[in-house]
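These notes are about the structure you will find just below.
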There are 2 protein chains.
Amino acid sequence: MFRVPGHRLSSETEPDPAAALERLLSAALELQLEESGLQSVLLSNQDETDEVREAKREILTTWQGVLARARETGVVRADIDAPRLQRLVCGVEHAARLGPRDDRDVLLAVLLRGIRA
Amino acid sequence: MFRVPGHRLSSETEPDPAAALERLLSAALELQLEESGLQSVLLSNQDETDEVREAKREILTTWQGVLARARETGVVRADIDAPRLQRLVCGVEHAARLGPRDDRDVLLAVLLRGIRA
């Protein structure tokens with residue numbers, strides 16, 4: 001089943017926009033690595049149930065909110081929107097699955113550095 | 001069949017270490033996106049033929065050379081080695097396949113920015 005990530009609220013209440021973005025991406029990556037079917041659910045255009053559709057809508061809204069704050073304060077590239085950022089996290093998840101566990105922190109650091117304005 | 005990427009030499013002869021790294025990664029990503037089976041060949045530990053094994057050894061040597069120059073001149077993170085960088089490119093390839101074509105330049109830019117020292 002599909003559960004709404006618990007990091008949603010912590011990212012939204014984090015006052016620093018850059019820290020909120022970092023927390024969001026770190027938790028999203030961790031969650032996707034834990035639940036191997038999540039990526040395809042997130043990316044699918046055909047949701048199985050209304051509950052899944054609603055959960056995905058909430059997630060996207062959260063990402064958009066965190067990104068909007070990051071963009072307003074100039075901490076993220078202007079050409080990174082929420083769907084593109086989700087695809088980037090899916091790419092990092094893919095890379096993380098190819099290597100040893102100690103890759104993960106480096107991959108996340110590369111992503112965070114890479115999307116900075 | 002497996003062909004040795006033509007960008008190998010151009011990256012090696014490029015005098016500027018950062019430009020060489022950029023050229024290498026741009027060409028590697030383009031090549032992997034063109035040839036969808038390449039990623040699994042690159043990552044496999046079991047090579048079909050001596051020719052493939054030799055081609056992969058050459059590619060890895062090139063990556064190590066370009067990375068060594070980039071590291072010496074301080075343009076790349078110290079924790080990025082050639083296998084990790086290959087996994088990162090595989091992750092970007094994965095992300096690129098999930099989205100529209102105009103994602104590609106942004107994804108490559110994020111990768112290049114992300115691995116900078």
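Here's how to read the names in the structure tokens: chain A, B, ... by the order shown, residue numbers from 1 in each chain, ligand numbers from 1 in the order shown.
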Contacts of chain B with chain A up to 10 Å, shortest pair per row, only C-alpha atoms, as a tab-separated table:
```
residue	atom	partner	partner_atom	distance
B:Leu43	CA	A:Leu98	CA	8.2
B:Arg77	CA	A:Val110	CA	9.1
B:Asp79	CA	A:Val106	CA	7.4
B:Ile80	CA	A:Val106	CA	8.1
B:Pro83	CA	A:Gly99	CA	8.8
B:Arg84	CA	A:Asp103	CA	7.5
B:Leu85	CA	A:Ala95	CA	9.5
B:Gln86	CA	A:Ala95	CA	8.9
B:Arg87	CA	A:Ala95	CA	5.2
B:Leu88	CA	A:Ala95	CA	5.6
B:Val89	CA	A:Ala95	CA	8.0
B:Cys90	CA	A:Ala95	CA	6.3
B:Gly91	CA	A:Gly91	CA	4.2
B:Val92	CA	A:Gly91	CA	5.4
B:Glu93	CA	A:Gly91	CA	7.4
B:His94	CA	A:Gly91	CA	5.3
B:Ala95	CA	A:Gly91	CA	4.5
B:Ala96	CA	A:Arg87	CA	7.8
B:Arg97	CA	A:Arg87	CA	9.1
B:Leu98	CA	A:Arg87	CA	6.5
B:Gly99	CA	A:Arg87	CA	7.2
B:Pro100	CA	A:Arg84	CA	9.5
B:Asp103	CA	A:Arg84	CA	7.5
B:Val106	CA	A:Asp79	CA	7.4
B:Leu107	CA	A:Leu88	CA	7.5
B:Leu108	CA	A:Gly114	CA	9.4
B:Ala109	CA	A:Gly114	CA	7.5
B:Val110	CA	A:Gly114	CA	4.2
B:Leu111	CA	A:Gly114	CA	5.8
B:Leu112	CA	A:Gly114	CA	7.1
B:Arg113	CA	A:Gly114	CA	4.7
B:Gly114	CA	A:Gly114	CA	3.6
B:Ile115	CA	A:Val110	CA	5.7
B:Arg116	CA	A:Val110	CA	8.5
B:Ala117	CA	A:Arg113	CA	9.9
```
Residues from last step as file, N, CA and C atoms, as a short mmCIF file (atom, residue, chain, number, x, y, z; two decimals), in the first residue's frame:
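In the end it all went to selection_36.cif:
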```
data_model
loop_
_atom_site.label_atom_id
_atom_site.label_comp_id
_atom_site.auth_asym_id
_atom_site.auth_seq_id
_atom_site.Cartn_x
_atom_site.Cartn_y
_atom_site.Cartn_z
N LEU B 43 27.75 -2.01 -16.48
CA LEU B 43 27.67 -2.33 -15.06
C LEU B 43 27.89 -3.81 -14.77
N ARG B 77 34.83 16.99 -6.74
CA ARG B 77 34.82 16.51 -5.35
C ARG B 77 35.79 15.35 -5.20
N ASP B 79 35.49 12.83 -3.32
CA ASP B 79 34.83 11.53 -3.09
C ASP B 79 34.17 10.96 -4.34
N ILE B 80 34.46 11.55 -5.49
CA ILE B 80 33.93 11.02 -6.76
C ILE B 80 35.03 10.24 -7.47
N PRO B 83 34.11 4.63 -10.84
CA PRO B 83 32.91 3.79 -10.77
C PRO B 83 31.69 4.53 -10.21
N ARG B 84 31.93 5.37 -9.20
CA ARG B 84 30.82 6.14 -8.63
C ARG B 84 30.27 7.12 -9.66
N LEU B 85 31.16 7.72 -10.43
CA LEU B 85 30.72 8.66 -11.46
C LEU B 85 29.94 7.93 -12.55
N GLN B 86 30.36 6.73 -12.89
CA GLN B 86 29.61 5.94 -13.87
C GLN B 86 28.20 5.64 -13.34
N ARG B 87 28.12 5.33 -12.05
CA ARG B 87 26.78 5.07 -11.49
C ARG B 87 25.92 6.34 -11.50
N LEU B 88 26.57 7.49 -11.26
CA LEU B 88 25.83 8.75 -11.32
C LEU B 88 25.30 9.02 -12.73
N VAL B 89 26.13 8.75 -13.73
CA VAL B 89 25.68 8.95 -15.12
C VAL B 89 24.53 8.00 -15.44
N CYS B 90 24.61 6.77 -14.92
CA CYS B 90 23.51 5.82 -15.11
C CYS B 90 22.23 6.34 -14.45
N GLY B 91 22.36 6.99 -13.31
CA GLY B 91 21.20 7.58 -12.64
C GLY B 91 20.62 8.72 -13.46
N VAL B 92 21.48 9.55 -14.02
CA VAL B 92 21.00 10.65 -14.86
C VAL B 92 20.36 10.11 -16.13
N GLU B 93 20.95 9.04 -16.68
CA GLU B 93 20.32 8.40 -17.85
C GLU B 93 18.89 7.94 -17.49
N HIS B 94 18.79 7.31 -16.33
CA HIS B 94 17.47 6.83 -15.88
C HIS B 94 16.49 8.00 -15.77
N ALA B 95 16.92 9.09 -15.13
CA ALA B 95 16.05 10.27 -14.96
C ALA B 95 15.68 10.85 -16.32
N ALA B 96 16.65 10.88 -17.24
CA ALA B 96 16.39 11.46 -18.56
C ALA B 96 15.33 10.66 -19.32
N ARG B 97 15.34 9.34 -19.12
CA ARG B 97 14.36 8.51 -19.83
C ARG B 97 12.94 8.68 -19.28
N LEU B 98 12.82 9.23 -18.08
CA LEU B 98 11.50 9.40 -17.46
C LEU B 98 10.80 10.66 -17.94
N GLY B 99 11.55 11.61 -18.52
CA GLY B 99 10.96 12.91 -18.82
C GLY B 99 11.10 13.31 -20.27
N PRO B 100 10.68 14.53 -20.57
CA PRO B 100 10.78 15.03 -21.94
C PRO B 100 12.23 15.30 -22.34
N ASP B 103 14.57 17.95 -20.78
CA ASP B 103 15.15 17.71 -19.46
C ASP B 103 16.67 17.51 -19.52
N VAL B 106 19.30 20.12 -18.60
CA VAL B 106 19.20 20.51 -17.19
C VAL B 106 19.80 19.42 -16.31
N LEU B 107 19.46 18.17 -16.61
CA LEU B 107 19.98 17.05 -15.80
C LEU B 107 21.51 17.00 -15.87
N LEU B 108 22.05 17.19 -17.06
CA LEU B 108 23.50 17.18 -17.21
C LEU B 108 24.13 18.34 -16.44
N ALA B 109 23.49 19.51 -16.53
CA ALA B 109 24.00 20.68 -15.81
C ALA B 109 23.98 20.45 -14.30
N VAL B 110 22.91 19.80 -13.81
CA VAL B 110 22.82 19.49 -12.37
C VAL B 110 23.94 18.53 -11.97
N LEU B 111 24.19 17.52 -12.80
CA LEU B 111 25.26 16.57 -12.50
C LEU B 111 26.62 17.28 -12.47
N LEU B 112 26.89 18.09 -13.50
CA LEU B 112 28.20 18.76 -13.58
C LEU B 112 28.40 19.72 -12.41
N ARG B 113 27.35 20.42 -12.06
CA ARG B 113 27.43 21.34 -10.92
C ARG B 113 27.59 20.55 -9.61
N GLY B 114 26.87 19.45 -9.54
CA GLY B 114 26.87 18.66 -8.30
C GLY B 114 28.20 18.02 -7.96
N ILE B 115 28.97 17.67 -8.97
CA ILE B 115 30.25 16.99 -8.69
C ILE B 115 31.41 17.96 -8.57
N ARG B 116 31.15 19.24 -8.79
CA ARG B 116 32.22 20.23 -8.66
C ARG B 116 32.71 20.31 -7.21
N ALA B 117 33.99 20.52 -7.06
CA ALA B 117 34.56 20.62 -5.71
C ALA B 117 34.08 21.89 -5.03
#
```
message = For the structure I just gave you, how does DSSP split chain A - specifically, which residues are alpha helix (DSSP H)? Reply as a PyMOL selection string.
response = chain A and resi 7-13+17-34+38-43+50-72+82-98+103-114
ask   = Can you tell me, as a ChimeraX atom specification, what residues are no more than 12 Å from Ala19 of chain A when counting only C-alpha atoms, ignoring any on the same chain fewer than 3 positions away?
value = /A:10-16,22-26,66-67,69-70,73,75-76,112,116
